[in-house]
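A.B. asks: Dropping in start-v9.cif, with mmCIF, C-alpha atoms (C1' of nucleotides).
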data_model
loop_
_atom_site.label_atom_id
_atom_site.label_comp_id
_atom_site.auth_asym_id
_atom_site.auth_seq_id
_atom_site.Cartn_x
_atom_site.Cartn_y
_atom_site.Cartn_z
CA MET T 20 110.75 54.50 12.46
CA ALA T 21 109.70 51.27 10.79
CA ARG T 22 107.08 49.76 8.61
CA PRO T 23 103.85 49.40 10.63
CA ARG T 24 102.12 46.08 11.10
CA LYS T 25 99.07 45.52 9.00
CA PHE T 26 97.43 43.17 11.47
CA ASP T 27 96.12 43.43 15.02
CA THR T 28 98.16 41.17 17.30
CA GLU T 29 95.28 40.51 19.68
CA ALA T 30 92.87 39.71 16.88
CA ALA T 31 95.41 37.38 15.32
CA ILE T 32 95.83 35.46 18.58
CA ASP T 33 92.07 35.20 18.89
CA ALA T 34 91.78 33.87 15.36
CA ALA T 35 94.59 31.38 15.95
CA MET T 36 92.97 30.25 19.19
CA ASN T 37 89.74 29.51 17.39
CA THR T 38 91.51 27.58 14.67
CA PHE T 39 93.41 25.48 17.19
CA TRP T 40 90.18 24.97 19.08
CA THR T 41 88.37 23.74 16.00
CA LYS T 42 91.07 21.58 14.45
CA GLY T 43 93.39 20.63 17.28
CA TYR T 44 97.07 21.44 17.60
CA THR T 45 98.64 18.84 15.31
CA ALA T 46 95.99 19.06 12.64
CA THR T 47 96.34 22.84 12.38
CA SER T 48 98.86 23.79 9.72
CA THR T 49 100.67 27.09 9.47
CA ASP T 50 98.66 27.63 6.32
CA ASP T 51 95.46 27.29 8.34
CA LEU T 52 96.80 29.86 10.77
CA ALA T 53 97.78 32.20 7.96
CA GLU T 54 94.30 31.98 6.51
CA SER T 55 92.44 32.50 9.77
CA THR T 56 94.63 35.37 10.93
CA GLY T 57 94.73 36.95 7.50
CA MET T 58 98.53 37.04 7.63
CA LEU T 59 101.02 35.42 5.31
CA ARG T 60 103.10 32.61 6.72
CA GLY T 61 106.24 34.69 6.62
CA SER T 62 104.72 37.45 8.70
CA LEU T 63 103.39 34.90 11.12
CA TYR T 64 106.87 33.54 11.72
CA ASN T 65 108.26 37.03 11.98
CA ALA T 66 105.66 38.13 14.51
CA PHE T 67 105.21 35.05 16.67
CA GLY T 68 108.06 32.70 15.97
CA GLY T 69 106.02 29.76 14.79
CA LYS T 70 103.16 27.41 15.38
CA ARG T 71 104.14 26.32 18.84
CA GLN T 72 104.69 29.79 20.22
CA LEU T 73 101.41 30.94 18.76
CA PHE T 74 99.68 28.00 20.39
CA GLU T 75 101.12 28.95 23.75
CA LEU T 76 99.74 32.44 23.31
CA ALA T 77 96.39 30.96 22.29
CA LEU T 78 96.27 28.79 25.43
CA ARG T 79 96.99 31.78 27.64
CA ARG T 80 94.31 33.74 25.88
CA TYR T 81 91.87 30.88 26.35
CA ARG T 82 92.61 30.80 30.04
CA GLU T 83 92.02 34.54 30.32
CA GLN T 84 88.75 34.32 28.48
CA GLY T 85 87.68 31.35 30.57
CA ALA T 86 88.50 33.20 33.76
CA ALA T 87 86.49 36.19 32.61
CA GLY T 88 83.57 33.96 31.68
CA ALA T 89 83.63 31.96 34.91
CA ASN T 90 83.76 35.09 37.01
CA ALA T 91 80.93 36.64 35.06
CA MET T 92 78.47 34.08 36.44
CA ALA T 93 75.44 36.17 37.29
CA ASP T 94 75.78 37.14 40.93
CA ASP T 95 72.06 37.78 41.20
CA GLN T 96 71.37 34.04 41.07
CA PRO T 97 71.59 31.51 43.91
CA PRO T 98 74.88 29.57 43.85
CA LEU T 99 73.33 26.30 42.71
CA GLU T 100 71.65 28.08 39.85
CA ARG T 101 74.90 29.78 38.90
CA ILE T 102 76.60 26.42 38.71
CA ARG T 103 73.79 24.90 36.71
CA ARG T 104 73.93 27.70 34.19
CA LEU T 105 77.68 27.44 33.86
CA LEU T 106 77.42 23.76 33.03
CA ARG T 107 74.49 24.32 30.71
CA ALA T 108 76.31 27.01 28.79
CA GLY T 109 79.34 24.81 28.14
CA VAL T 110 77.32 21.74 27.26
CA ASP T 111 74.91 23.55 24.97
CA ARG T 112 77.70 25.27 23.13
CA THR T 113 79.47 21.97 22.62
CA THR T 114 76.28 20.36 21.37
CA ALA T 115 76.12 23.12 18.81
CA ASP T 116 79.72 23.42 17.65
CA HIS T 117 81.28 20.12 18.73
CA ARG T 118 84.47 21.87 19.76
CA GLY T 119 84.38 21.09 23.46
CA CYS T 120 86.95 22.88 25.59
CA LEU T 121 90.31 23.88 24.18
CA ALA T 122 92.11 22.95 27.38
CA VAL T 123 90.46 19.54 27.54
CA ASN T 124 91.22 18.92 23.88
CA THR T 125 94.83 19.91 24.39
CA VAL T 126 95.39 17.73 27.44
CA THR T 127 93.79 14.81 25.64
CA GLU T 128 95.84 15.29 22.51
CA LEU T 129 99.18 16.27 23.99
CA ALA T 130 99.57 14.81 27.48
CA GLY T 131 101.72 12.04 26.00
CA PRO T 132 103.80 13.65 23.28
CA GLU T 133 103.98 17.27 24.49
CA PRO T 134 103.77 17.36 28.29
CA GLU T 135 104.77 21.00 28.48
CA LEU T 136 101.88 22.15 26.35
CA ALA T 137 99.54 19.84 28.24
CA HIS T 138 100.72 21.39 31.47
CA LEU T 139 100.04 24.85 30.12
CA ALA T 140 96.56 23.71 29.11
CA ARG T 141 95.95 22.38 32.59
CA GLN T 142 96.45 25.88 33.93
CA ALA T 143 93.26 26.84 32.15
CA PHE T 144 91.30 24.63 34.55
CA ILE T 145 92.27 26.78 37.51
CA PRO T 146 89.84 29.66 36.97
CA LEU T 147 86.96 27.23 36.50
CA GLU T 148 87.85 25.28 39.59
CA SER T 149 88.15 28.49 41.60
CA ALA T 150 84.86 29.84 40.36
CA LEU T 151 83.12 26.58 41.22
CA ALA T 152 84.69 26.47 44.67
CA THR T 153 83.64 30.05 45.30
CA ALA T 154 80.07 29.31 44.31
CA VAL T 155 80.05 26.19 46.49
CA GLU T 156 81.37 28.18 49.41
CA ALA T 157 78.65 30.77 48.91
CA GLY T 158 75.99 28.07 48.78
CA ARG T 159 77.38 26.52 51.90
CA VAL T 160 77.16 29.80 53.80
CA ARG T 161 73.53 30.04 52.77
CA GLY T 162 72.97 26.48 53.96
CA GLU T 163 72.01 25.32 50.50
CA ILE T 164 75.04 23.16 49.78
CA ARG T 165 76.29 20.16 51.72
CA ALA T 166 79.06 20.79 54.23
CA ASP T 167 80.37 17.24 54.53
CA ARG T 168 82.93 17.80 51.79
CA THR T 169 85.26 20.71 51.20
CA PRO T 170 84.36 23.27 48.55
CA GLN T 171 87.55 22.34 46.74
CA GLN T 172 86.55 18.68 46.74
CA LEU T 173 83.06 19.42 45.49
CA ALA T 174 84.47 21.76 42.85
CA ARG T 175 86.73 19.03 41.51
CA GLN T 176 83.87 16.59 41.45
CA VAL T 177 81.65 18.99 39.54
CA MET T 178 84.51 19.78 37.20
CA ALA T 179 85.04 16.08 36.45
CA ALA T 180 81.35 15.68 35.68
CA PHE T 181 81.43 18.82 33.56
CA HIS T 182 84.34 17.63 31.46
CA GLY T 183 82.69 14.24 31.04
CA LEU T 184 79.53 16.01 29.93
CA LEU T 185 81.46 18.01 27.37
CA LEU T 186 82.74 14.75 25.99
CA GLN T 187 79.23 13.32 25.83
CA ALA T 188 78.03 16.47 24.09
CA LYS T 189 80.88 16.19 21.61
CA ALA T 190 80.00 12.55 21.05
CA GLY T 191 76.46 13.55 20.12
CA PHE T 192 74.51 12.50 23.22
CA GLU T 193 70.96 13.79 23.25
CA PRO T 194 70.55 17.22 24.90
CA GLU T 195 67.81 15.89 27.20
CA SER T 196 70.18 13.30 28.60
CA LEU T 197 72.91 15.90 29.09
CA HIS T 198 70.55 18.30 30.82
CA ALA T 199 69.23 15.56 33.07
CA THR T 200 72.78 14.73 34.13
CA ILE T 201 73.53 18.38 34.80
CA ASP T 202 70.48 18.60 37.05
CA ALA T 203 71.51 15.42 38.83
CA VAL T 204 75.03 16.70 39.42
CA VAL T 205 73.72 19.99 40.78
CA ASP T 206 71.15 18.26 42.97
CA ASP T 207 73.85 16.13 44.52
CA LEU T 208 75.41 19.31 45.85
CA ARG T 209 72.39 20.15 47.99
CA ALA T 210 72.65 20.14 51.74
CA MET Q 18 97.15 -22.56 -2.47
CA ALA Q 19 98.97 -19.32 -1.72
CA ARG Q 20 101.80 -17.82 0.20
CA PRO Q 21 100.94 -17.82 3.91
CA ARG Q 22 100.93 -14.64 5.96
CA LYS Q 23 103.92 -14.11 8.16
CA PHE Q 24 102.02 -12.12 10.73
CA ASP Q 25 99.13 -12.76 13.08
CA THR Q 26 96.18 -10.58 12.08
CA GLU Q 27 94.82 -10.35 15.61
CA ALA Q 28 98.20 -9.45 17.07
CA ALA Q 29 98.69 -6.83 14.39
CA ILE Q 30 95.35 -5.20 15.20
CA ASP Q 31 96.24 -5.22 18.87
CA ALA Q 32 99.57 -3.59 18.15
CA ALA Q 33 97.95 -0.99 15.92
CA MET Q 34 95.32 -0.29 18.58
CA ASN Q 35 98.02 0.41 21.12
CA THR Q 36 99.88 2.69 18.77
CA PHE Q 37 96.74 4.69 17.97
CA TRP Q 38 95.95 4.79 21.67
CA THR Q 39 99.36 6.16 22.54
CA LYS Q 40 99.81 8.66 19.71
CA GLY Q 41 96.32 9.49 18.50
CA TYR Q 42 94.89 8.92 15.04
CA THR Q 43 96.36 11.81 13.10
CA ALA Q 44 99.76 11.66 14.73
CA THR Q 45 100.16 7.97 13.95
CA SER Q 46 101.94 7.45 10.64
CA THR Q 47 101.81 4.32 8.54
CA ASP Q 48 105.48 3.92 9.39
CA ASP Q 49 104.58 3.86 13.07
CA LEU Q 50 102.03 1.17 12.34
CA ALA Q 51 104.51 -0.83 10.31
CA GLU Q 52 106.99 -0.70 13.15
CA SER Q 53 104.56 -1.66 15.90
CA THR Q 54 102.95 -4.46 13.92
CA GLY Q 55 106.26 -5.72 12.55
CA MET Q 56 104.89 -5.55 9.02
CA LEU Q 57 106.17 -3.57 6.08
CA ARG Q 58 103.99 -0.78 4.85
CA GLY Q 59 103.18 -2.63 1.68
CA SER Q 60 101.87 -5.67 3.52
CA LEU Q 61 99.88 -3.46 5.75
CA TYR Q 62 98.09 -1.93 2.79
CA ASN Q 63 97.61 -5.35 1.26
CA ALA Q 64 96.15 -6.82 4.42
CA PHE Q 65 94.07 -3.97 5.82
CA GLY Q 66 93.62 -1.41 3.10
CA GLY Q 67 95.21 1.50 4.88
CA LYS Q 68 95.44 3.60 7.99
CA ARG Q 69 91.79 4.43 8.29
CA GLN Q 70 90.53 0.87 7.88
CA LEU Q 71 93.06 -0.35 10.39
CA PHE Q 72 91.88 2.31 12.81
CA GLU Q 73 88.31 1.13 12.44
CA LEU Q 74 89.40 -2.40 13.28
CA ALA Q 75 91.35 -1.05 16.25
CA LEU Q 76 88.28 0.78 17.54
CA ARG Q 77 86.16 -2.35 17.27
CA ARG Q 78 88.84 -4.32 19.05
CA TYR Q 79 88.96 -1.70 21.79
CA ARG Q 80 85.24 -1.93 22.25
CA GLU Q 81 85.41 -5.73 22.53
CA GLN Q 82 88.21 -5.55 25.06
CA GLY Q 83 86.37 -2.89 27.02
CA ALA Q 84 83.22 -5.00 27.05
CA ALA Q 85 85.17 -8.01 28.28
CA GLY Q 86 86.83 -5.91 30.97
CA ALA Q 87 83.63 -4.26 32.13
CA ASN Q 88 81.81 -7.58 32.35
CA ALA Q 89 84.68 -9.12 34.24
CA MET Q 90 83.99 -6.90 37.25
CA ALA Q 91 84.32 -9.29 40.15
CA ASP Q 92 80.86 -10.62 40.86
CA ASP Q 93 81.83 -11.53 44.38
CA GLN Q 94 81.92 -7.89 45.38
CA PRO Q 95 78.98 -5.66 46.31
CA PRO Q 96 77.82 -3.46 43.39
CA LEU Q 97 79.17 -0.23 44.84
CA GLU Q 98 82.52 -1.83 45.35
CA ARG Q 99 82.52 -3.16 41.79
CA ILE Q 100 81.90 0.33 40.47
CA ARG Q 101 84.58 1.83 42.67
CA ARG Q 102 87.14 -0.68 41.46
CA LEU Q 103 86.21 -0.10 37.85
CA LEU Q 104 86.81 3.62 38.21
CA ARG Q 105 89.97 3.07 40.19
CA ALA Q 106 91.40 0.75 37.59
CA GLY Q 107 90.87 3.22 34.76
CA VAL Q 108 92.12 6.21 36.70
CA ASP Q 109 95.19 4.47 38.08
CA ARG Q 110 96.16 3.15 34.68
CA THR Q 111 95.82 6.61 33.20
CA THR Q 112 97.91 8.12 35.98
CA ALA Q 113 100.60 5.61 35.04
CA ASP Q 114 100.54 5.70 31.26
CA HIS Q 115 98.79 9.00 30.45
CA ARG Q 116 96.91 7.38 27.58
CA GLY Q 117 93.39 7.78 28.91
CA CYS Q 118 90.69 5.97 26.98
CA LEU Q 119 91.03 5.37 23.25
CA ALA Q 120 87.34 6.09 22.65
CA VAL Q 121 87.50 9.35 24.60
CA ASN Q 122 90.66 10.37 22.80
CA THR Q 123 89.08 9.59 19.45
CA VAL Q 124 85.87 11.49 20.10
CA THR Q 125 87.87 14.46 21.34
CA GLU Q 126 90.21 14.45 18.36
CA LEU Q 127 87.81 13.56 15.57
CA ALA Q 128 84.28 14.69 16.44
CA GLY Q 129 84.77 17.73 14.22
CA PRO Q 130 86.79 16.56 11.23
CA GLU Q 131 85.85 12.84 11.09
CA PRO Q 132 82.32 12.38 12.48
CA GLU Q 133 82.09 8.79 11.26
CA LEU Q 134 85.12 7.67 13.20
CA ALA Q 135 83.93 9.60 16.23
CA HIS Q 136 80.59 7.83 15.96
CA LEU Q 137 82.35 4.49 15.85
CA ALA Q 138 84.34 5.47 18.93
CA ARG Q 139 81.16 6.40 20.72
CA GLN Q 140 79.98 2.82 20.32
CA ALA Q 141 82.77 1.83 22.66
CA PHE Q 142 80.95 3.64 25.49
CA ILE Q 143 78.02 1.26 25.29
CA PRO Q 144 79.50 -1.74 27.11
CA LEU Q 145 80.72 0.51 29.93
CA GLU Q 146 77.36 2.21 30.26
CA SER Q 147 75.60 -1.15 30.27
CA ALA Q 148 77.93 -2.63 32.85
CA LEU Q 149 77.45 0.40 35.10
CA ALA Q 150 73.67 0.27 34.70
CA THR Q 151 73.68 -3.43 35.52
CA ALA Q 152 75.70 -2.85 38.66
CA VAL Q 153 73.43 0.01 39.68
CA GLU Q 154 70.40 -2.17 39.15
CA ALA Q 155 71.92 -4.90 41.29
CA GLY Q 156 72.70 -2.41 44.03
CA ARG Q 157 69.21 -1.08 43.86
CA VAL Q 158 67.73 -4.55 44.32
CA ARG Q 159 69.89 -4.94 47.41
CA GLY Q 160 68.69 -1.60 48.67
CA GLU Q 161 72.19 -0.15 48.63
CA ILE Q 162 71.73 2.29 45.75
CA ARG Q 163 69.27 5.16 45.48
CA ALA Q 164 66.07 4.48 43.59
CA ASP Q 165 65.07 8.07 42.82
CA ARG Q 166 66.88 8.00 39.50
CA THR Q 167 66.90 5.35 36.81
CA PRO Q 168 69.90 3.02 36.57
CA GLN Q 169 70.52 4.37 33.08
CA GLN Q 170 70.55 7.92 34.39
CA LEU Q 171 72.91 7.05 37.23
CA ALA Q 172 75.12 5.11 34.83
CA ARG Q 173 75.47 8.12 32.55
CA GLN Q 174 76.25 10.34 35.49
CA VAL Q 175 78.95 8.00 36.74
CA MET Q 176 80.30 7.66 33.22
CA ALA Q 177 80.56 11.44 32.87
CA ALA Q 178 82.44 11.65 36.15
CA PHE Q 179 84.65 8.77 35.10
CA HIS Q 180 85.62 10.38 31.83
CA GLY Q 181 86.29 13.65 33.60
CA LEU Q 182 88.47 11.79 36.05
CA LEU Q 183 90.42 10.20 33.22
CA LEU Q 184 91.07 13.67 31.93
CA GLN Q 185 92.25 14.85 35.32
CA ALA Q 186 94.51 11.82 35.57
CA LYS Q 187 95.90 12.54 32.14
CA ALA Q 188 96.45 16.14 33.18
CA GLY Q 189 98.53 15.00 36.12
CA PHE Q 190 96.16 15.59 39.04
CA GLU Q 191 97.38 14.03 42.27
CA PRO Q 192 96.20 10.44 42.82
CA GLU Q 193 94.80 11.34 46.26
CA SER Q 194 92.53 13.92 44.73
CA LEU Q 195 91.39 11.49 42.05
CA HIS Q 196 90.69 8.76 44.57
CA ALA Q 197 88.78 11.14 46.80
CA THR Q 198 86.60 12.12 43.87
CA ILE Q 199 85.99 8.47 42.98
CA ASP Q 200 84.86 7.81 46.55
CA ALA Q 201 82.60 10.85 46.45
CA VAL Q 202 81.01 9.79 43.18
CA VAL Q 203 80.40 6.29 44.51
CA ASP Q 204 79.03 7.58 47.81
CA ASP Q 205 76.55 9.73 45.96
CA LEU Q 206 75.01 6.56 44.58
CA ARG Q 207 74.05 5.29 48.02
CA ALA Q 208 70.40 4.88 48.95
"C1'" DG W 21 114.14 63.42 0.46
"C1'" DG W 22 117.51 60.23 2.42
"C1'" DA W 23 118.95 56.81 6.11
"C1'" DG W 24 117.53 53.38 9.03
"C1'" DT W 25 114.27 50.03 10.72
"C1'" DT W 26 110.70 46.67 10.59
"C1'" DT W 27 107.20 44.31 8.04
"C1'" DT W 28 105.50 42.08 3.99
"C1'" DT W 29 105.81 39.10 0.18
"C1'" DG W 30 106.74 35.17 -2.50
"C1'" DA W 31 109.55 31.61 -3.11
"C1'" DC W 32 112.62 27.76 -1.75
"C1'" DA W 33 114.64 23.76 0.63
"C1'" DG W 34 114.18 19.76 3.40
"C1'" DA W 35 111.52 16.41 5.62
"C1'" DG W 36 107.69 13.33 6.29
"C1'" DC W 37 103.64 11.25 4.78
"C1'" DA W 38 99.89 8.26 2.25
"C1'" DG W 39 99.06 5.34 -1.17
"C1'" DC W 40 100.45 2.47 -5.08
"C1'" DC W 41 102.84 -1.02 -7.76
"C1'" DA W 42 105.90 -4.39 -10.06
"C1'" DA W 43 108.80 -8.09 -9.23
"C1'" DG W 44 110.04 -11.79 -6.44
"C1'" DA W 45 108.99 -15.34 -2.82
"C1'" DA W 46 106.26 -18.95 -0.56
"C1'" DC W 47 103.01 -22.24 -0.55
"C1'" DT W 48 99.20 -25.75 -2.26
"C1'" DG W 49 96.95 -28.89 -5.22
"C1'" DC W 50 97.49 -31.67 -8.98
"C1'" DG A 16 107.69 -30.33 -10.53
"C1'" DC A 17 104.44 -27.24 -12.52
"C1'" DA A 18 100.49 -23.90 -12.41
"C1'" DG A 19 98.06 -20.81 -9.84
"C1'" DT A 20 97.41 -17.85 -6.00
"C1'" DT A 21 98.56 -14.77 -2.37
"C1'" DC A 22 101.90 -12.40 0.36
"C1'" DT A 23 106.28 -9.78 0.80
"C1'" DT A 24 109.61 -6.45 -0.40
"C1'" DG A 25 111.43 -2.20 -1.68
"C1'" DG A 26 110.97 1.62 -4.04
"C1'" DC A 27 108.46 5.41 -6.35
"C1'" DT A 28 105.19 9.29 -6.89
"C1'" DG A 29 102.97 13.17 -5.54
"C1'" DC A 30 101.38 15.82 -1.84
"C1'" DT A 31 101.68 18.61 2.41
"C1'" DC A 32 103.99 20.62 5.97
"C1'" DT A 33 107.48 23.53 8.61
"C1'" DG A 34 110.87 26.81 8.78
"C1'" DT A 35 113.91 30.15 6.35
"C1'" DC A 36 115.46 33.81 3.42
"C1'" DA A 37 116.28 37.72 0.31
"C1'" DA A 38 114.21 41.39 -1.84
"C1'" DA A 39 110.76 44.85 -1.89
"C1'" DA A 40 107.65 47.92 0.64
"C1'" DA A 41 106.15 51.21 4.26
"C1'" DC A 42 107.02 54.25 7.59
"C1'" DT A 43 109.66 57.81 10.78
"C1'" DC A 44 113.07 60.83 12.09
"C1'" DC A 45 116.28 64.02 10.78
#
Output the file's structure as structure tokens, nothing else.
C.D. replies:
Amino acid sequence: MARPRKFDTEAAIDAAMNTFWTKGYTATSTDDLAESTGMLRGSLYNAFGGKRQLFELALRRYREQGAAGANAMADDQPPLERIRRLLRAGVDRTTADHRGCLAVNTVTELAGPEPELAHLARQAFIPLESALATAVEAGRVRGEIRADRTPQQLARQVMAAFHGLLLQAKAGFEPESLHATIDAVVDDLRA
Amino acid sequence: MARPRKFDTEAAIDAAMNTFWTKGYTATSTDDLAESTGMLRGSLYNAFGGKRQLFELALRRYREQGAAGANAMADDQPPLERIRRLLRAGVDRTTADHRGCLAVNTVTELAGPEPELAHLARQAFIPLESALATAVEAGRVRGEIRADRTPQQLARQVMAAFHGLLLQAKAGFEPESLHATIDAVVDDLRA
DNA sequence: GGAGTTTTTGACAGAGCAGCCAAGAACTGC
DNA sequence: GCAGTTCTTGGCTGCTCTGTCAAAAACTCC
């Protein structure tokens, strides 16, 4: 019927997501996207419409991947340990690659000039917040986590600390300091 | 001896700082800087050398202002109350203007591509961390703040939460949620 | 193998940007 | 009022970026 596409749409979105993640939205050129996806700029416009549309797809993909990751927290561990490992994983990765979190980066970069994209990025916090609240609820049932605040409240507090920790990791804080703060944050959840 | 400058160097740096703060480093053009400082581009290059050098001056200015602000925490208040007000001030301002913290924005935007500028931005965290540690120490002496962690450790933990809260404010979280989290963070400092 | 459809390819136009520079303007000290 | 110095002014150069387009290519159905 028609000429077949040479590229894999899903793989292209993944590649674009990683480029945006590494360089940021504004600093990523369509040439960068062409190179990382392996497509030519013309095909990229034909397939996705442009930089902005591709970024929206990348943000949705990031949210999906984040949701999958957050829900994959090992169920065989106690809730507090699950939370600790979640924080550790994000912080250690950021120490290594200095990319932080795509959603955090996007809100920081675009909350002023591009509120719609920032709002889309904010959606990516939802799975994390839910996963944290679920873990808190589980810990509460087991009597291991304090019951004087709602799981939602505790989840937001942990999320704030987590995002601050990602910033510190990106800024080059020493891993020992980051890990100590993670432990402190987790300990403050105890009943 | 020579033709006098038409502009006020300090005011120009302040204006540039605010422009960088609002738009971010990459997204700020030299035309933007010319407009906000009231200088022509040529004068700007003559006086400061260029965009990057002006940004470095802006970061140093931001650090000085932050230090002055952090040290101006009302001494007539109890330490916990001083900390609460500091967090409130930052979060409420961010809710209003969506600019967050220039140092946070800079680290987030430039940790990857411009490590030197990110490192300079990180310096701006120091006065805040010191002020928090000092307040914690004072609260500890009064027996109002827990002594099972070092003031430095507690300061870093509060700072992480603070920066996460600024992100949430920038992302448009409801003020009630932000204030509740501030209160929770402060309460967790109690002895 | 021809018609029809979609993708690829390479190039082009238009805009914005950083950095530079030469000529003129403003001021001081003598 | 003249010499010397520094700042201002406006424009210029070269680069990069986004978005578009026409022609060629690849494939399917008939």
A.B. asks: For the PyMOL selection byres ((chain T) within 9 of (chain A)), applied here, can you spell out every residue it catches as a list in words?
C.D. replies: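 Applied to this file, the PyMOL selection byres ((chain T) within 9 of (chain A)) returns Met20, Ala21, Arg22, Pro23, Ser48, Thr49, Asp50, Gly61, Tyr64, Gly69 and Lys70 of chain T.
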A.B. asks: Skip stretch 140-146 of chain T itself and residues of its chain fewer than 3 positions away, then list as an MDAnalysis selection string all residues within 6 Å of it, counting only C-alpha atoms (C1' of nucleotides).
C.D. replies: chainID T and resid 82 86 122 137 149
A.B. asks: Quick check, in Å to one decimal: how far apart do atom CA of Q:Ala208 and atom CA of Q:Asp165 lie?
C.D. replies: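 Computing it gives 8.7 Å between the two atoms.
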A.B. asks: Point out the residue among W:DC40, W:DA23, W:DA35, W:DA46 with the least atom-to-atom distance to chain Q, counting all atoms listed in the file.
C.D. replies: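 The closest residue to chain Q is W:DA46.
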A.B. asks: For T:Arg60, which of W:DA42, W:DA33, W:DT48, W:DT28 is the closest residue, counting all atoms listed in the file?
C.D. replies: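 Looking only at the distances to T:Arg60, the closest residue turns out to be W:DT28.
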A.B. asks: Check every residue of chain W for an atom within 7 Å of chain T, counting only C-alpha atoms (C1' of nucleotides), and provide those that qualify as JSON, numbers by chain.
C.D. replies: {"W": [25, 26, 27, 28]}
A.B. asks: Return the single residue from Q:Ala172, Q:Ile100, Q:Ala75, Q:Ala29 that is closest to chain T, with distances computed using only C-alpha atoms.
C.D. replies: Q:Ala172
A.B. asks: Find the residue from T:Val160, T:Val126, T:Ala115, T:Ala150 that sits nearest to chain Q; use all atoms listed in the file when measuring.
C.D. replies: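 Answer, going by the shortest atom-to-atom distance: T:Val126.
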A.B. asks: Chain T residues within 6 Å of chain Q, counting only C-alpha atoms: which ones, as a list in words?
C.D. replies: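 Residues satisfying the distance criterion: Gln176, Ala179, Ala180, His182, Gly183, Leu184 and Thr200 of chain T.
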A.B. asks: How about saving the chosen residues, C-alpha atoms kept, as a CSV table (one decimal), in the coordinates of the input?
C.D. replies:
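Everything below was put into selection_20.csv:
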chain,number,residue,atom,x,y,z
T,176,GLN,CA,83.9,16.6,41.4
T,179,ALA,CA,85.0,16.1,36.4
T,180,ALA,CA,81.4,15.7,35.7
T,182,HIS,CA,84.3,17.6,31.5
T,183,GLY,CA,82.7,14.2,31.0
T,184,LEU,CA,79.5,16.0,29.9
T,200,THR,CA,72.8,14.7,34.1
A.B. asks: Could you state the separation of atom CA of T:Thr28 and atom CA of T:Leu78 in Å, given to one decimal place?
C.D. replies: 14.9 Å
A.B. asks: Do you know which residues the PyMOL selection byres ((chain Q and resi 94-96) around 7) returns on this file, as an mmCIF file with C-alpha atoms, keeping the file's coordinate frame?
C.D. replies:
data_model
loop_
_atom_site.group_PDB
_atom_site.id
_atom_site.type_symbol
_atom_site.label_atom_id
_atom_site.label_comp_id
_atom_site.auth_asym_id
_atom_site.auth_seq_id
_atom_site.Cartn_x
_atom_site.Cartn_y
_atom_site.Cartn_z
ATOM 1 C CA ALA Q 91 84.320 -9.290 40.150
ATOM 2 C CA ASP Q 92 80.860 -10.620 40.860
ATOM 3 C CA ASP Q 93 81.830 -11.530 44.380
ATOM 4 C CA LEU Q 97 79.170 -0.230 44.840
ATOM 5 C CA GLU Q 98 82.520 -1.830 45.350
ATOM 6 C CA ARG Q 99 82.520 -3.160 41.790
ATOM 7 C CA ILE Q 100 81.900 0.330 40.470
ATOM 8 C CA ALA Q 152 75.700 -2.850 38.660
ATOM 9 C CA VAL Q 153 73.430 0.010 39.680
ATOM 10 C CA ALA Q 155 71.920 -4.900 41.290
ATOM 11 C CA GLY Q 156 72.700 -2.410 44.030
#
A.B. asks: One decimal, in Å: what's the spacing between atom CA of T:Tyr81 and atom CA of T:Glu135?
C.D. replies: 16.4 Å
